[in-house]
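Undergrad: Quick one: structure below, then a few questions.
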Amino acid sequence: MSLTTSPAADAAFTEPAPSALLLLGRGADLQSERGVECVGGLPAASDPDLVERARAARAALGDRAFVLGHHYQRDEVIAFADVTGDSFKLAREAAARPDAEFVIFCGVHFMAESADILTSDTQQVVLPDLAAGCSMADMAAIDQVTDAWDVLVDASVADATVPVTYMNSTAAIKAFTGRHGGTVCTSSNAHVALRWAFDKVGGVDGTGKVLFMPDQHLGRNTAVQQLGLSLDDCVVFDPRRPGGGLTTQQLRDARMILWRGHCSVHGRFSERNVADVRAADPGVTVLVHPECKHEVVTAADMVGSTEYIIKALDAAPAGSSWAIGTELNLVRRLAAAHPDKKVHYLDSTVCFCSTMNRIDLPHLVWTMESLAAGRTVNRIVVDPDDAHWARVALDQMLALPGY
Ligand code: SF4
């Protein structure tokens, strides 16, 4: 993961800590982002003046700052967001505010990277807690992906393979995709991106391949449900095994080479959850995110991105009943926004996205107060060469039909 911080923040980093889990605001491990020191001190969550401090810092920054809030963020953070949305919508919103000196990204690391790529060099993108990474994005490291490409070259299939990476990937992986003639996709347009990629190598009915990273489930669900490929057309490339755990023949026969990555939140929903909610509420409509496993998506009634889920609930008639399989913060807000509908969480044992939840009001207050005091903290700057090639892949996505 390419990462650069401001000099002020750099000065605060110490040697990597031995612990795999660091307390918020204490200790730092810049390489793994397991934690970061908050220069000047993190406000206590119990501070009774926290909301007032947030209001005052936000007012002091005025139009110099633009606060973005991902749909999976906590309510206490969303309350201070100038705009909410999914990762790509937020990156575009940031790019549409060239006058904002600071873009405060309340989301996770890859999202702030995308915002840095799409905003001007004079704008500073800030992530309130550098420990807010994404476990899915971290499952595809650039060294692993370049090694995997070498495996495809050795198997004589690289020339017939187009890489497609999900937005939920590091800037380095997006740059790899741009360098190799591929595209970025979102959960809304993955089917369009896959058709475009297959068209480059002979069409969906041909013999060309797509290397899809890092979410195997989104890749498989899209290929099978929307492009008509079979499960047998899909293989899973495991970067921890020699040759990805695949034979040369398997690579040659495959149409979808799926990276072995998944979302730690959506990957927990199960077929059993769907059966249980149907048994408890026979009239329920089960609506899940395409990052869920294939058997869950197959058992559900509807599947779509977070924006799709929000629109589906908005359009649903009063009295209807829904079971939603996505992150809990969003589902709780949907339930509160639709008191005339019954909104179940698909699995009550599935919890929040823990890395998204690293961004809390104390971190947001610390960030805004630091910026208002003239101290840039937690700035995200993508390596210029990676930024160029990631932009190529992002621009390719923008050129896909529908954008
Ligand atoms: S919900 Fe999943 S994909 Fe989204 S940030 Fe969390 S771990 Fe990453």
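Residue names in the structure tokens use chain letters A, B, ... in the order shown, residue numbers from 1 in each chain, and ligand numbers from 1 in the order shown.
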Counting only C-alpha atoms and all ligand atoms, which residues in chain A sit no more than 6 Å from ligand 1? For each one, give the nearest pair of atoms and the distance in Å, sorted by chain then residue number, as a tab-separated table.
TA:
residue	atom	partner	partner_atom_place_in_ligand_line	distance
A:Cys134	CA	ligand 1	8 (Fe)	4.0
A:Ser135	CA	ligand 1	7 (S)	4.8
A:Met136	CA	ligand 1	8 (Fe)	5.0
A:Cys263	CA	ligand 1	2 (Fe)	4.0
A:Ser264	CA	ligand 1	7 (S)	5.2
A:Val265	CA	ligand 1	2 (Fe)	5.2
A:Cys353	CA	ligand 1	6 (Fe)	4.6
A:Met356	CA	ligand 1	6 (Fe)	5.9
Undergrad: If you count only C-alpha atoms, which residues fall within 12 Å of A:Thr122, apart from same-chain ones fewer than 2 positions away, as an MDAnalysis selection string?
TA: chainID A and resid 64 95 97:103 116:120 124:125 381
Undergrad: Write a file of the selected residues as a compact mmCIF listing (two decimals), in the first residue's frame, keeping N, CA and C atoms.
TA:
# COMPACT_ATOMS: atom_id res chain seq x y z
N ARG A 64 -13.17 25.91 3.61
CA ARG A 64 -11.83 25.37 3.35
C ARG A 64 -11.84 23.84 3.41
N ALA A 95 -13.72 15.55 -6.13
CA ALA A 95 -13.15 16.16 -7.34
C ALA A 95 -13.98 17.35 -7.80
N ARG A 97 -15.19 19.59 -5.93
CA ARG A 97 -15.04 20.72 -4.99
C ARG A 97 -13.59 21.23 -5.02
N PRO A 98 -13.15 21.77 -6.17
CA PRO A 98 -11.73 22.19 -6.27
C PRO A 98 -11.37 23.31 -5.32
N ASP A 99 -12.36 24.02 -4.79
CA ASP A 99 -12.05 25.12 -3.88
C ASP A 99 -11.79 24.66 -2.45
N ALA A 100 -12.12 23.42 -2.17
CA ALA A 100 -11.91 22.93 -0.80
C ALA A 100 -10.43 22.59 -0.61
N GLU A 101 -9.81 23.25 0.34
CA GLU A 101 -8.38 23.02 0.59
C GLU A 101 -8.16 21.64 1.23
N PHE A 102 -9.09 21.26 2.10
CA PHE A 102 -8.99 19.97 2.80
C PHE A 102 -10.19 19.09 2.47
N VAL A 103 -9.92 17.86 2.08
CA VAL A 103 -10.99 16.88 1.90
C VAL A 103 -10.83 15.89 3.05
N ASP A 116 -7.57 11.33 -3.47
CA ASP A 116 -6.32 12.06 -3.76
C ASP A 116 -6.01 12.00 -5.25
N ILE A 117 -6.25 10.86 -5.87
CA ILE A 117 -5.97 10.71 -7.31
C ILE A 117 -6.87 11.63 -8.13
N LEU A 118 -8.12 11.77 -7.71
CA LEU A 118 -9.10 12.52 -8.52
C LEU A 118 -9.15 14.00 -8.17
N THR A 119 -8.49 14.43 -7.11
CA THR A 119 -8.49 15.86 -6.76
C THR A 119 -7.19 16.50 -7.23
N SER A 120 -7.15 17.83 -7.16
CA SER A 120 -5.97 18.55 -7.65
C SER A 120 -4.82 18.44 -6.65
N GLN A 124 -5.65 18.79 -0.14
CA GLN A 124 -5.09 17.80 0.76
C GLN A 124 -6.19 16.86 1.25
N VAL A 125 -6.00 15.58 1.00
CA VAL A 125 -6.99 14.58 1.43
C VAL A 125 -6.51 14.00 2.76
N VAL A 381 -1.22 10.79 0.40
CA VAL A 381 -0.66 11.21 -0.89
C VAL A 381 -0.22 9.95 -1.65
Undergrad: Which of these residues is nearest to A:Met256, using only C-alpha atoms: A:Tyr345, A:Trp149, A:Phe198, A:Trp366?
TA: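 Looking at the shortest contact to A:Met256, the residue is A:Phe198.
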Undergrad: For A:His262, please output as a list in words all residues within 10 Å (counting only C-alpha atoms; exclusion window: fewer than 3 positions along the same chain).
TA: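 Once the adjacent positions are removed, what remains is Ser135, Met136, Ala137, Asp138, Met139, Met213, Pro214, Asp215, Gln216, His217, Leu218, Trp259, Val265, His266, Gly267, Arg268, Glu291, Cys292 and Lys293 of chain A.
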Undergrad: Can you tell me, as a ChimeraX atom specification, what residues are no more than 9 Å from A:Glu327 when counting only C-alpha atoms, ignoring any on the same chain fewer than 4 positions away?
TA: /A:71-72,265-266,331-332,350-353
Undergrad: Mind checking DSSP for stretch 207-343 of chain A and telling me the helix (DSSP H, G or I) residues as a ChimeraX atom specification?
TA: /A:216-225,231-233,242-245,248-253,266-268,271-280,294-299,306-315,328-337
Undergrad: Here is a test: counting only C-alpha atoms, which residue of A:Ala323, A:Ala141, A:Val365, A:Cys38 is nearest to A:Gly283?
TA: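 Smallest separation from A:Gly283 among the options: A:Ala323.
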Undergrad: Between atom CA of A:Ile257 and atom CA of A:Pro163, measure the distance and give it in Å to one decimal.
TA: 9.3 Å
Undergrad: Between A:Val151, A:Val164, A:Ile359, A:Ala158, which residue has the minimum interatomic distance to A:Ile104, considering only C-alpha atoms?
TA: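 For A:Ile104, the nearest of the given residues is A:Ile359.
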